[in-house]
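In what follows, a structure is listed as structure tokens, so that the remarks can point back to it.
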Amino acid sequence: MSQTPENFSANLAWRHRQGWLFAAACRLATWASVVFLAIILLVIIAQAWPRLTLGFLTRFDSYKPESAGMLAGILGSFWLIGFTAAICVPIGIGAAIYLEEYARSNWVTRFIQLNISNLAGVPSIVFGILGFTAFVRMFGLPRNTIVLTLGFADVRIPLPFGRSVIAGALTLALLCLPVVIIASQEALRSVPASLRHAALALGATKWQTISRQVLPAAMPGILTGVILALSRALGETAPLAVLGAAFFITFAPGRINSATDLGQHPDRLLQVPFDQFTAMPLQIYNWVNEQSRDFQQQVSAAGIVVLLVILVLMNGSAILIRQHFQRKIRW
Amino acid sequence: MSTEQHHSPTPDSDRPPSVGQASQNEQRFPQPEVTPMPNAVSGSTGSLETRRSAGPSLPPPTLGAAANATPDAKRTTKIQTQDMGFFYGTHQALQKITLNIPERSVTALIGPSGCGKSTYLRSLNRMNDIIEGTRITGTVLLDGEDIYARDVDVVELRKRVGMVFQKSTPFPKSIFDNIAFGPRIAGVSSMATLTPLVERCLKQAALWNEVKDRLKDSALALSGGQQQRLCIARALATNPDVLLMDEPASALDPGSTARIEDLIDDLRKNYTIVIVTHNMQQAARVSELTAFFCMGRLVEVGRTKQLFTNPKEKETEDYITGRFG
Amino acid sequence: MNAGSPTPAVPTLTAVDAPRSSSLKRRFSWNGAYEKCIRIVLLCCALVSVITTAAIVFVLLYESVLWFPGHTPFFGKVSLIEFLTASQWTPQFAGNQHFGIMPLICGTLLTTVTAGAIGLPMGLASAIYLSEYASPQARSVLKPSLELLAGIPTVVYGYIGLFFLTPMLIKPVLSGVFGLSVDGFNALSGGIVVGMMIMPMVASLSEDVLRAVPSSLREAGYALGATKYDVSAKIIVPSALSGIIASFLLALSRAIGETMAVAIACGARPQLTLNPLRQIQTMTSFIVNIMQGDTPVGSIEYQSLYAVALVLFLITLTMNYVSQWILRRYREAYQ
């Protein structure tokens, strides 16, 4: 490149063209992803269209494509995610509170923190292997069943847990844990220190400060992170497949197949965590692997549509929560 | 913790009408004779009971180095710091601070930025404990009790020594809940107790008339000056003896500042107030005593009028006449 | 309102009339014990993640390395040399079992390289576009759709690879126009969909990194007469390079660990090939294919799962660790 002024201005035209090309390439790459997203959705909806009926949502699976349904997967995923949330949210928030509010900056804290961010990068299938060994097989514990007699109902708890909802939920909870912790930490960090100081100066103890001021202020951020983590867990297939969760099943966990079942046998709720299950992504995977083209392309596409709609609803609610509270709270 | 002991009696029942109050105070604090015994109390020996019964033997409010600058010999010393030093890690922020703060008065701390006056203030209710790697030397006595002693309950201390910050810090809750926070964490939950308490604190902070119709509204909707008075009311609700104010009016417009100053003037009858301020006119207006800090040292302390008109130290004179700082 | 007239209705203006019978001394109280319990419970919560990592390491090592009486691990039955160098992976063929991980590594490499070739440049370009060029309106469309793309379950990507990319794009173009032979399951389709999957991740991580570059650097560039392109490509990107590399490493480690998309789109035949049009098997799809069949516990095939998972774990852990180390140094440089 020459240093003379004439060349400099001659260069400028070329530099502007270069700049234009660069900007165009960047723009193209970005919009290409939107186009790809649109293609995915169009292809899937087109394939799924003939199978998208109300019956698809209310029937159990079948060997015939025209009578296959997703009810077992929907209910299975519902219970699975419910128990996952019940396990992972308190532990995750607790860990985040400890790390942000209590822990001193020493090597133990740094080690835990490093551990969490590394755990967030461990492939989900490795969690599946952990879950299979630790929860499904319980390191080879001999099989037996504990029967809890509660008077109004008996709860049969299999040990090891086997391929039950609780084994799946524990596995997914461990998988979600790093994400929930990191999101909660960020939410806690965004609460201004002045709020903590104000509460402490009024004679609040540490826990009173956290539970009455800091946590409520951080809740919207935490909730958003939790919903996003759970929606990721909802779409996870690999760990559940590795656990050996059922692909084909014609009942829902606890045999609660409908609202009437729940009304007539509320005691079955207690059996839910220890029953077999399938989940929406597992059913989709199963259909993709079927022999018939109907199953492979249409039924699985219908399943994908249902799964995506539920995911969009969850993500949408997370966004709504975020926006609602962003408007309301200003520091 | 002794939360039950000083909070369970309802504020109404344990507060006689103001008529009887003066005499009661006379009983509790028999007017001591002037006994010029600077720094006679050593360490954290005297418990509260003995101190109160032995009122006359208390040290007079000797003011650190300037022992002769006794502003009001009839008052007892509320807070006493002796040879206090403070460290952030290895950096020494305060050195050899000896200062006695008399009861029921306003003491202003002035000095250039970074001189340690805020650090000093925050060490009086141990808010500096929150910062990792800080260390304090010397003694700080509240009513003769060493607040840095090993067995002191920091929570109890902070209930007794309230604090108002530079930036108003309302909780993102309703006005009522803001005031009620202190009593609630101390275990008071009945509305029959809380409602009059909230009203009394808001009245004391001269905020009641402005907010009485919207106690359920968010405190964040108040103006900056109102928020600061809310924070003062909130601090009063824990029933403190001492109020620490860290530049309470520095972020406010002149009108709101004037109200805060009026409020301080009202509160001095019942509370021991220590106020950090950058504004020397403010210090002159509100305080009885002024302490001038510079570079982590207490340069001079004395009656406000005397310090501003006839400072003893050259540094003080330079600062208040605007030659540096 | 006049501040000078503070409400004559104040009932009592007092604070110190309640006798202080209490000293500041700490006493035993249930409240204090409660505070201590809370702290311990929270510490336990934080330790769960450490225990999880320890459990993962233990489980993987137990079946593959740990040797004690009555228990022969995988590497007691298969030598490490064979495992790392043999060119065949046939754990299911009884009588003719070979345990050379090379074909699986090769399959993983094929899909990861394809994914990287697509996802990394596209992701970086999007990050530059979003942080330097895009208007607020464009951002408000692009950001949610990138988030949506990142949130789509991986089975869906597998479906798209198998039933859309291969029959409708790869086969018509590569075998129709160029006459190449393309398998129904192939590494290319899996690689492309994984590339699209990691692209939003690269975009959002790199955008954060680019935004962290101080704006004074941008202004300095413009003040020297640089065009927007000069500033973005020659000032911002180079100064954010270490952060960008870290985001690339994180995305590639995600691609290596990705399971369902490649298990569906790339097939299940371990082959030592570098041709992306062939059917292959990755480490992850091997694990998911074998685990579903009820492999007898304790058998050598069962143990081979743990050996493969151990390799997978070590590779992704190293990449994550390195990228986090880089990111931390990057943050320190700019804060």
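Going by the structure tokens order, chains are called A, B, ..., each with residues numbered from 1, while ligands are numbered from 1 in the order shown.
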Compute the chain C side of the contact with chain A at 6 Å, counting only C-alpha atoms, and hand it back as JSON, numbers by chain.
-> {"C": [42, 43, 45, 46, 56, 122, 125, 126, 129, 153, 229, 257, 288, 291, 292]}
Select from segment 99-248 of chain B everything DSSP, run on the backbone, classes as alpha helix (DSSP H), then give the selection as JSON, numbers by chain.
-> {"B": [117, 118, 119, 120, 121, 122, 123, 154, 155, 156, 157, 158, 159, 160, 175, 176, 177, 178, 179, 180, 181, 182, 183, 184, 185, 191, 192, 193, 194, 195, 196, 197, 198, 199, 200, 201, 202, 203, 204, 208, 209, 210, 211, 224, 225, 226, 227, 228, 229, 230, 231, 232, 233, 234, 235, 236]}
Might you pull out every residue within 9 Å of segment 77-92 of chain C, with only C-alpha atoms counted and same-chain residues fewer than 4 positions away left off, and present them as a list in words?
-> Thr72, Pro73, Asn96, Gln97, His98, Phe99, Gly100, Ile101, Met102, Pro103, Leu104, Pro270, Gln271, Leu272, Ile290, Ile300, Glu301 and Ser304 of chain C
Pull N, CA and C atoms from the residues just selected and write them as an mmCIF file, in the first residue's frame.
data_model
loop_
_atom_site.group_PDB
_atom_site.id
_atom_site.type_symbol
_atom_site.label_atom_id
_atom_site.label_comp_id
_atom_site.auth_asym_id
_atom_site.auth_seq_id
_atom_site.Cartn_x
_atom_site.Cartn_y
_atom_site.Cartn_z
ATOM 1 N N THR C 72 -12.783 -56.787 36.057
ATOM 2 C CA THR C 72 -11.783 -56.433 35.059
ATOM 3 C C THR C 72 -12.356 -55.311 34.216
ATOM 4 N N PRO C 73 -11.687 -54.173 34.169
ATOM 5 C CA PRO C 73 -12.228 -53.056 33.402
ATOM 6 C C PRO C 73 -12.000 -53.250 31.908
ATOM 7 N N ASN C 96 -16.001 -61.871 16.518
ATOM 8 C CA ASN C 96 -15.119 -61.061 15.680
ATOM 9 C C ASN C 96 -15.120 -59.627 16.191
ATOM 10 N N GLN C 97 -14.950 -59.486 17.515
ATOM 11 C CA GLN C 97 -15.008 -58.153 18.094
ATOM 12 C C GLN C 97 -13.694 -57.412 17.904
ATOM 13 N N HIS C 98 -13.792 -56.189 17.434
ATOM 14 C CA HIS C 98 -12.608 -55.330 17.349
ATOM 15 C C HIS C 98 -12.933 -54.030 18.050
ATOM 16 N N PHE C 99 -11.951 -53.552 18.788
ATOM 17 C CA PHE C 99 -12.193 -52.325 19.539
ATOM 18 C C PHE C 99 -11.158 -51.263 19.185
ATOM 19 N N GLY C 100 -11.221 -50.797 17.946
ATOM 20 C CA GLY C 100 -10.356 -49.681 17.577
ATOM 21 C C GLY C 100 -11.228 -48.439 17.445
ATOM 22 N N ILE C 101 -10.962 -47.421 18.246
ATOM 23 C CA ILE C 101 -11.888 -46.284 18.307
ATOM 24 C C ILE C 101 -11.715 -45.340 17.116
ATOM 25 N N MET C 102 -10.680 -45.579 16.299
ATOM 26 C CA MET C 102 -10.409 -44.675 15.180
ATOM 27 C C MET C 102 -11.638 -44.398 14.303
ATOM 28 N N PRO C 103 -12.411 -45.425 13.903
ATOM 29 C CA PRO C 103 -13.572 -45.117 13.047
ATOM 30 C C PRO C 103 -14.552 -44.157 13.708
ATOM 31 N N LEU C 104 -14.763 -44.327 15.022
ATOM 32 C CA LEU C 104 -15.696 -43.429 15.717
ATOM 33 C C LEU C 104 -15.130 -42.011 15.790
ATOM 34 N N PRO C 270 -19.790 -47.738 11.737
ATOM 35 C CA PRO C 270 -18.465 -47.165 11.965
ATOM 36 C C PRO C 270 -17.537 -47.454 10.792
ATOM 37 N N GLN C 271 -17.082 -46.449 10.125
ATOM 38 C CA GLN C 271 -16.176 -46.636 8.981
ATOM 39 C C GLN C 271 -15.022 -45.676 9.127
ATOM 40 N N LEU C 272 -13.859 -46.147 8.711
ATOM 41 C CA LEU C 272 -12.694 -45.262 8.720
ATOM 42 C C LEU C 272 -12.632 -44.585 7.358
ATOM 43 N N ILE C 290 -26.176 -48.347 21.239
ATOM 44 C CA ILE C 290 -25.932 -49.553 22.022
ATOM 45 C C ILE C 290 -26.732 -49.544 23.313
ATOM 46 N N ILE C 300 -18.165 -57.015 27.659
ATOM 47 C CA ILE C 300 -17.138 -56.120 27.130
ATOM 48 C C ILE C 300 -17.767 -55.021 26.276
ATOM 49 N N GLU C 301 -18.893 -55.323 25.613
ATOM 50 C CA GLU C 301 -19.519 -54.257 24.808
ATOM 51 C C GLU C 301 -20.086 -53.189 25.717
ATOM 52 N N SER C 304 -17.364 -51.141 26.785
ATOM 53 C CA SER C 304 -16.824 -50.294 25.721
ATOM 54 C C SER C 304 -17.565 -48.963 25.662
#
Give me the residues near segment 156-171 of chain C as a PDB file with N, CA and C atoms, in the first residue's frame, where near means some atom within 8 Å (using only C-alpha atoms) and where sequence neighbours in that chain fewer than 4 positions away do not count.
ATOM      1  N   ILE A  40     -37.107 -25.028   7.913  1.00  0.00           N
ATOM      2  CA  ILE A  40     -37.366 -26.116   8.868  1.00  0.00           C
ATOM      3  C   ILE A  40     -38.847 -26.157   9.211  1.00  0.00           C
ATOM      4  N   VAL A  43     -41.139 -27.123   6.140  1.00  0.00           N
ATOM      5  CA  VAL A  43     -41.030 -28.543   5.787  1.00  0.00           C
ATOM      6  C   VAL A  43     -41.794 -29.382   6.797  1.00  0.00           C
ATOM      7  N   VAL A 288     -39.200 -41.748  13.910  1.00  0.00           N
ATOM      8  CA  VAL A 288     -38.228 -41.557  12.829  1.00  0.00           C
ATOM      9  C   VAL A 288     -37.562 -42.883  12.484  1.00  0.00           C
ATOM     10  N   GLN A 297     -42.009 -39.922   8.307  1.00  0.00           N
ATOM     11  CA  GLN A 297     -42.054 -38.532   7.900  1.00  0.00           C
ATOM     12  C   GLN A 297     -43.243 -37.779   8.479  1.00  0.00           C
ATOM     13  N   ILE A 304     -43.179 -33.444  16.157  1.00  0.00           N
ATOM     14  CA  ILE A 304     -42.277 -32.292  16.258  1.00  0.00           C
ATOM     15  C   ILE A 304     -43.081 -31.004  16.396  1.00  0.00           C
TER      16      ILE A 304
ATOM     17  N   ILE C 152     -34.324 -25.178  19.352  1.00  0.00           N
ATOM     18  CA  ILE C 152     -34.986 -26.317  18.702  1.00  0.00           C
ATOM     19  C   ILE C 152     -34.328 -27.614  19.153  1.00  0.00           C
ATOM     20  N   SER C 175     -25.258 -35.996  -6.404  1.00  0.00           N
ATOM     21  CA  SER C 175     -25.288 -37.180  -7.260  1.00  0.00           C
ATOM     22  C   SER C 175     -26.002 -36.874  -8.575  1.00  0.00           C
ATOM     23  N   GLY C 176     -26.965 -35.979  -8.564  1.00  0.00           N
ATOM     24  CA  GLY C 176     -27.641 -35.629  -9.803  1.00  0.00           C
ATOM     25  C   GLY C 176     -26.753 -34.834 -10.730  1.00  0.00           C
ATOM     26  N   VAL C 182     -24.026 -40.974  -3.082  1.00  0.00           N
ATOM     27  CA  VAL C 182     -24.366 -40.451  -1.756  1.00  0.00           C
ATOM     28  C   VAL C 182     -25.182 -41.498  -1.014  1.00  0.00           C
ATOM     29  N   GLY C 184     -27.808 -42.830   1.885  1.00  0.00           N
ATOM     30  CA  GLY C 184     -29.032 -42.267   2.463  1.00  0.00           C
ATOM     31  C   GLY C 184     -28.758 -41.618   3.808  1.00  0.00           C
ATOM     32  N   PHE C 185     -27.916 -42.255   4.624  1.00  0.00           N
ATOM     33  CA  PHE C 185     -27.380 -41.616   5.826  1.00  0.00           C
ATOM     34  C   PHE C 185     -25.995 -41.113   5.452  1.00  0.00           C
ATOM     35  N   ASN C 186     -25.689 -39.879   5.695  1.00  0.00           N
ATOM     36  CA  ASN C 186     -24.325 -39.436   5.392  1.00  0.00           C
ATOM     37  C   ASN C 186     -23.863 -38.376   6.374  1.00  0.00           C
ATOM     38  N   SER C 189     -24.914 -34.409   5.767  1.00  0.00           N
ATOM     39  CA  SER C 189     -26.196 -33.851   6.223  1.00  0.00           C
ATOM     40  C   SER C 189     -26.159 -33.605   7.724  1.00  0.00           C
ATOM     41  N   GLY C 190     -25.603 -34.570   8.467  1.00  0.00           N
ATOM     42  CA  GLY C 190     -25.497 -34.390   9.910  1.00  0.00           C
ATOM     43  C   GLY C 190     -24.637 -33.189  10.260  1.00  0.00           C
ATOM     44  N   ILE C 192     -24.049 -30.542   8.443  1.00  0.00           N
ATOM     45  CA  ILE C 192     -24.703 -29.267   8.114  1.00  0.00           C
ATOM     46  C   ILE C 192     -25.695 -28.878   9.211  1.00  0.00           C
ATOM     47  N   VAL C 193     -26.530 -29.854   9.600  1.00  0.00           N
ATOM     48  CA  VAL C 193     -27.531 -29.469  10.607  1.00  0.00           C
ATOM     49  C   VAL C 193     -26.877 -29.123  11.941  1.00  0.00           C
ATOM     50  N   VAL C 194     -25.815 -29.854  12.303  1.00  0.00           N
ATOM     51  CA  VAL C 194     -25.128 -29.494  13.556  1.00  0.00           C
ATOM     52  C   VAL C 194     -24.501 -28.110  13.405  1.00  0.00           C
ATOM     53  N   MET C 197     -26.949 -25.674  14.035  1.00  0.00           N
ATOM     54  CA  MET C 197     -27.320 -25.700  15.444  1.00  0.00           C
ATOM     55  C   MET C 197     -26.330 -24.901  16.300  1.00  0.00           C
ATOM     56  N   MET C 260     -28.264 -36.598  19.032  1.00  0.00           N
ATOM     57  CA  MET C 260     -29.442 -37.068  18.297  1.00  0.00           C
ATOM     58  C   MET C 260     -29.382 -36.706  16.820  1.00  0.00           C
ATOM     59  N   ALA C 261     -28.940 -35.491  16.504  1.00  0.00           N
ATOM     60  CA  ALA C 261     -28.916 -35.093  15.098  1.00  0.00           C
ATOM     61  C   ALA C 261     -28.039 -36.039  14.292  1.00  0.00           C
ATOM     62  N   VAL C 262     -26.861 -36.363  14.817  1.00  0.00           N
ATOM     63  CA  VAL C 262     -25.979 -37.244  14.051  1.00  0.00           C
ATOM     64  C   VAL C 262     -26.448 -38.682  14.119  1.00  0.00           C
ATOM     65  N   ALA C 263     -27.053 -39.082  15.227  1.00  0.00           N
ATOM     66  CA  ALA C 263     -27.533 -40.464  15.307  1.00  0.00           C
ATOM     67  C   ALA C 263     -28.630 -40.694  14.276  1.00  0.00           C
ATOM     68  N   ILE C 264     -29.450 -39.680  14.026  1.00  0.00           N
ATOM     69  CA  ILE C 264     -30.539 -39.848  13.064  1.00  0.00           C
ATOM     70  C   ILE C 264     -30.032 -39.668  11.636  1.00  0.00           C
ATOM     71  N   ALA C 265     -29.233 -38.609  11.395  1.00  0.00           N
ATOM     72  CA  ALA C 265     -28.912 -38.258  10.016  1.00  0.00           C
ATOM     73  C   ALA C 265     -27.689 -38.981   9.474  1.00  0.00           C
ATOM     74  N   CYS C 266     -26.744 -39.394  10.331  1.00  0.00           N
ATOM     75  CA  CYS C 266     -25.479 -39.916   9.811  1.00  0.00           C
ATOM     76  C   CYS C 266     -25.412 -41.435   9.794  1.00  0.00           C
TER      77      CYS C 266
END
Hey, what's within 12 Å of Thr309 of chain B if we count only C-alpha atoms and toss same-chain stuff fewer than 6 positions away? As a list in words, please?
->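 Everything that qualifies: Ala284, Thr290, Gly302, Arg303, Thr316, Glu317, Ile320 and Thr321 of chain B.
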Test item: chain B residues at most 10 Å from chain A, counting only C-alpha atoms, as an MDAnalysis selection string = chainID B and resid 122 125:127 130 132 154:173 178 181:186 218 220:221 231 234:240 244
Which of B:Ala149, B:Ala283, B:Ile260, B:Ala206 sits closest to chain C [using only C-alpha atoms] =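 Between B:Ala149, B:Ala283, B:Ile260, B:Ala206, the residue approaching chain C most closely is B:Ala206.
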Residues near segment 113-118 of chain C, cut-off 10 Å, only C-alpha atoms, skip fewer than 4 positions along chain, as a list in words =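 Close residues of segment 113-118 of chain C: Gly107, Thr108, Leu109, Met122, Gly123, Ala187, Leu188, Ser189, Gly190, Gly191, Ile192, Val193, Val194, Gly195, Met196, Met197, Ile198, Met199, Phe248, Leu249, Ala251, Leu252, Ala255, Ile256 and Pro276 of chain C.
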Take the selection from the previous step and output its residues with C-alpha atoms, as a CSV table (one decimal), in the first residue's frame.
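Result went into out.csv, see below:
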chain,number,residue,atom,x,y,z
C,107,GLY,CA,-16.9,-40.1,12.2
C,108,THR,CA,-17.0,-37.5,14.9
C,109,LEU,CA,-14.2,-35.5,13.2
C,122,MET,CA,-21.7,-18.0,9.8
C,123,GLY,CA,-21.9,-17.4,13.5
C,187,ALA,CA,-21.9,-37.4,7.5
C,188,LEU,CA,-22.5,-34.3,5.4
C,189,SER,CA,-26.2,-33.9,6.2
C,190,GLY,CA,-25.5,-34.4,9.9
C,191,GLY,CA,-22.6,-32.0,9.8
C,192,ILE,CA,-24.7,-29.3,8.1
C,193,VAL,CA,-27.5,-29.5,10.6
C,194,VAL,CA,-25.1,-29.5,13.6
C,195,GLY,CA,-23.4,-26.5,12.0
C,196,MET,CA,-26.8,-24.6,11.9
C,197,MET,CA,-27.3,-25.7,15.4
C,198,ILE,CA,-24.0,-24.3,16.8
C,199,MET,CA,-24.3,-21.2,14.7
C,248,PHE,CA,-15.4,-21.4,18.7
C,249,LEU,CA,-14.0,-23.9,21.0
C,251,ALA,CA,-19.3,-24.5,20.0
C,252,LEU,CA,-17.0,-27.2,18.6
C,255,ALA,CA,-20.7,-30.3,18.1
C,256,ILE,CA,-18.6,-33.1,19.3
C,276,PRO,CA,-18.5,-37.0,4.1
Selection near Val213 of chain C, 12 Å with only C-alpha atoms, sequence-local residues under 5 positions removed, as a list in words = Ser131, Glu132, Ser206, Glu207, Asp208, Arg218, Glu219, Val231, Ser232, Ile235, Ile236, Val237, Pro238, Ser239, Ala240, Leu241, Ser242, Gly243, Ile244, Tyr330, Arg331, Glu332, Ala333, Tyr334 and Gln335 of chain C
What is the distance between atom CA of Ala251 of chain B and atom CA of Ser174 of chain B, in Å to one decimal?
->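 Result for atom CA of Ala251 of chain B versus atom CA of Ser174 of chain B: 22.3 Å, one decimal.
Interatomic distance, atom CA of Ala94 of chain C against atom CA of Ser299 of chain C: 11.4 Å.
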